[in-house]
Amino acid sequence: MLISEQKPLEEILNYLDGEKNIFLIGCKGCAEGFQSGGEKQVLEMSSTLEEQGKSVVGFSLIDMVCNETLTRMKLKVHKRETEAADSILVLTCGIGVQTVAEVVNKVVHPGCNTLSSGGAHAEWKEAERCLECGDCVLEFTGGICPIARCSKHLLNGPCGGSQDGKCEVNADIPCAWQLIIERLTELGQLDRLEKLVPPKNWNVSLIAGLPVKR
Amino acid sequence: MVTGEVGPPKGVAIQEMLESAKLYKGRVIAVNVTDQQSAVMRLGSLAVCHLLRDMEIEPIFQVTCRDRNRIAVQSDLLSAYVLGIENVLCLTGDYVTLGDHPQAKPVFDLDSVSLLQAAVQLQQGKDLAGKELDGIPKFFLGATVTPGANPLEPQIIKMEKKVKAGAQFFQTQAVYEPKKFEEFMGAVKHLNVPVLAGIILLKSAGMARFMNKNVAGVHVPDDLIEEMEKTENRVDKSIEIAARLINELKGLCQGIHIMPIGWEKRVPAVLDAAEL
């Protein structure tokens, strides 16, 4: 069970600033279990956003958003809605957010912070995707995680060791920032990188002990 | 405007380094002191900056994010200031596995951009936690950029962020292709920030090939490698090439940053040859 909790509403609304049409995604797996992004939370979020003057153009509840094939398949049905949306708000763990970013060519906002893997691994096995840092930064990085995928956890762009799209640590490792820049370019959102990202709050990843009991 | 560089020794035998540093006196405006260059454990940059200051050489304190978290790095910045060191070059730092203690735990709590921001915040009288400082430091903040990076655009995006974060000057990774460098300078003209082009003295053709293979963003073109290969006097050739590069580069930017990497003693000859 990946343990996640919803980000503060204010933070989510900040992410959606300037956008009108939003598509919502929730997860019937862990996020349902932890009440951070299950059916109830998606419906609540939908009415909250409507109250805030947004238009929720559709939503999808997927059994395990981290299952790339399943998510791809489920979202095909919603193709028209996701295309009409300005962005997609994903109420899942960090892996789910990255799965959606991988399968839909749209701006993706993380709606939750992932606190722990809860002793389980998600379905997307290709590579380690989420370090459960508790302060999700996928908003700034086109849905590609610089904490899990950049050797130096950099938040403000590639280091000088990035060459030909590869990491200085090992030429077999793709430079996460190269992937991020390619993705943001594809989305026409490269200006997102202009923002100076402040030092990360590591406090939430340092809470002692095993999975947080809820 | 020319800056030089010294690398602290691995150990406490400082005499040779200080002799090298003396050669810079009166010839360059400031001397960088590397911070555990290439992630190899050495004598600290801050201590050596202090020694240079005592010799009336203006030091540039290189600070990486690899080995210190935000508590240690802010403290080191304050320490630098009270020792009379105000020039700080903010770097991310090479990854630990590239150095001689590959088992070490990498830190990277801040990155080069947030390190610049931290220094700016200290200058405004507050630390990163927002707490007031008792006595406020002042810095002259620098950063680095790799003009030969492929692709270049991400480096430029980051350079823009560094300027926004507070970088007042840039020193570049080694440049061997003036044409490419000219294009780079064209692309960053709008930033209006002084750029010092990096010069690494080529010691041999082998070194050039090694850098091409292992140092990101450094490319020594074949004709320079061939020149080094064919020469009967590597030292003279190296000085000649460096002087030629300096002369081609100096009109394109605001200064030159010389990184002799062990050949500090040749720097005066390079500057003579380049008529600087």
# chains A, B, ... in the order shown; residues from 1 in each chain; ligands from 1
$ residues_around --residues "segment 134-137 of chain A" --least-positions-apart "6" --cutoff "9 Å" --atoms "only C-alpha atoms" --output "list in words"
Ser4, Glu5, Lys7, Cys93, Gly94, Pro110, Gly111, Cys112, Asn113, Thr114, Leu115, Ser116, Gly143, Cys145, Pro146, Ile147, Leu155, Lys200, Asn201, Trp202, Asn203, Val204 and Ser205 of chain A
$ interface_residues --of "chain B" --to "chain A" --cutoff "10 Å" --atoms "only C-alpha atoms" --output "ChimeraX atom specification"
/B:65-66,70,91-98,106-115,117-118,128,144-162,164-165,173,214-218
$ select_by_dssp --residues "segment 6-188 of chain A" --states "alpha helix (DSSP H)" --output "PyMOL selection string"
chain A and resi 9-15+30-33+39-51+68-77+79-84+94-103+146-149+176-186
$ residues_around --residues "Ala167 of chain B" --least-positions-apart "2" --cutoff "7 Å" --atoms "only C-alpha atoms" --output "ChimeraX atom specification"
/B:116,141-143,162-163,165,169
$ write_last_selection --atoms "N, CA and C atoms" --output "short mmCIF file (atom, residue, chain, number, x, y, z; two decimals), in the first residue's frame"
data_model
loop_
_atom_site.label_atom_id
_atom_site.label_comp_id
_atom_site.auth_asym_id
_atom_site.auth_seq_id
_atom_site.Cartn_x
_atom_site.Cartn_y
_atom_site.Cartn_z
N LEU B 116 22.82 29.89 -4.43
CA LEU B 116 22.90 31.33 -4.70
C LEU B 116 21.82 32.07 -3.92
N LEU B 141 28.83 37.11 -5.86
CA LEU B 141 28.45 35.74 -6.15
C LEU B 141 28.66 35.36 -7.61
N GLY B 142 29.30 34.23 -7.79
CA GLY B 142 29.53 33.73 -9.14
C GLY B 142 28.91 32.36 -9.34
N ALA B 143 28.86 31.95 -10.60
CA ALA B 143 28.32 30.64 -10.95
C ALA B 143 29.03 30.14 -12.20
N LYS B 162 20.21 31.08 -12.65
CA LYS B 162 21.30 31.48 -11.75
C LYS B 162 21.39 33.00 -11.67
N VAL B 163 21.18 33.65 -12.80
CA VAL B 163 21.21 35.12 -12.79
C VAL B 163 20.05 35.64 -11.93
N ALA B 165 18.65 34.13 -9.58
CA ALA B 165 18.89 33.79 -8.17
C ALA B 165 19.95 34.68 -7.53
N PHE B 169 28.54 36.99 -11.73
CA PHE B 169 29.52 36.70 -12.78
C PHE B 169 29.53 35.21 -13.06
#
$ atom_distance --atom1 "atom CA of Val42 of chain A" --atom2 "atom CA of Leu131 of chain A"
24.3 Å
$ select_by_dssp --residues "segment 92-176 of chain B" --states "strand (DSSP E or B)" --output "PyMOL selection string"
chain B and resi 126+132+140-145+169-174
$ write_last_selection --atoms "N, CA and C atoms" --output "compact mmCIF listing (two decimals), in the first residue's frame"
# COMPACT_ATOMS: atom_id res chain seq x y z
N LYS B 126 18.84 37.29 6.69
CA LYS B 126 18.07 36.14 7.18
C LYS B 126 18.66 34.84 6.68
N GLU B 132 16.50 35.74 11.79
CA GLU B 132 17.34 36.93 11.64
C GLU B 132 18.80 36.65 12.00
N PHE B 140 30.16 38.56 -3.21
CA PHE B 140 30.14 38.76 -4.65
C PHE B 140 30.00 37.36 -5.24
N LEU B 141 28.83 37.11 -5.86
CA LEU B 141 28.45 35.74 -6.15
C LEU B 141 28.66 35.36 -7.61
N GLY B 142 29.30 34.23 -7.79
CA GLY B 142 29.53 33.73 -9.14
C GLY B 142 28.91 32.36 -9.34
N ALA B 143 28.86 31.95 -10.60
CA ALA B 143 28.32 30.64 -10.95
C ALA B 143 29.03 30.14 -12.20
N THR B 144 28.70 28.93 -12.59
CA THR B 144 29.39 28.36 -13.76
C THR B 144 28.38 27.98 -14.84
N VAL B 145 28.93 27.82 -16.04
CA VAL B 145 28.10 27.38 -17.16
C VAL B 145 29.01 26.61 -18.12
N PHE B 169 28.54 36.99 -11.73
CA PHE B 169 29.52 36.70 -12.78
C PHE B 169 29.53 35.21 -13.06
N PHE B 170 30.04 34.84 -14.23
CA PHE B 170 30.11 33.43 -14.61
C PHE B 170 31.53 33.07 -15.03
N GLN B 171 31.96 31.89 -14.61
CA GLN B 171 33.19 31.32 -15.13
C GLN B 171 32.79 30.04 -15.85
N THR B 172 33.34 29.81 -17.03
CA THR B 172 32.83 28.69 -17.82
C THR B 172 33.73 27.46 -17.72
N GLN B 173 33.16 26.34 -18.07
CA GLN B 173 33.92 25.12 -18.29
C GLN B 173 34.91 25.41 -19.44
N ALA B 174 35.94 24.58 -19.57
CA ALA B 174 36.98 24.84 -20.57
C ALA B 174 36.41 24.97 -21.98
$ residues_around --residues "segment 53-64 of chain B" --least-positions-apart "5" --cutoff "6 Å" --atoms "only C-alpha atoms" --output "list in words"
Ala30, Val31, Asn32, Val33, Thr34, Asp35, Asn87, Val88, Leu89, Cys90, Leu91, Thr92 and Gly93 of chain B
$ closest_residue --among "B:Leu224, B:Leu249, B:Leu201, B:Val48" --to "Glu182 of chain B" --atoms "only C-alpha atoms"
B:Leu249
$ residues_around --residues "Met185 of chain B" --least-positions-apart "2" --cutoff "9 Å" --atoms "only C-alpha atoms" --output "PyMOL selection string"
chain B and resi 147+180-183+187-189+195+252-253
$ residues_around --residues "Val107 of chain A" --least-positions-apart "3" --cutoff "9 Å" --atoms "only C-alpha atoms" --output "PyMOL selection string"
chain A and resi 86-89+101+104+139+142-143+184+187+189
$ residues_around --residues "segment 228-240 of chain B" --least-positions-apart "4" --cutoff "9 Å" --atoms "only C-alpha atoms" --output "NGL selection string"
:B and (201-206 or 208 or 223-224 or 244-245 or 266-267 or 269-271 or 273-274)
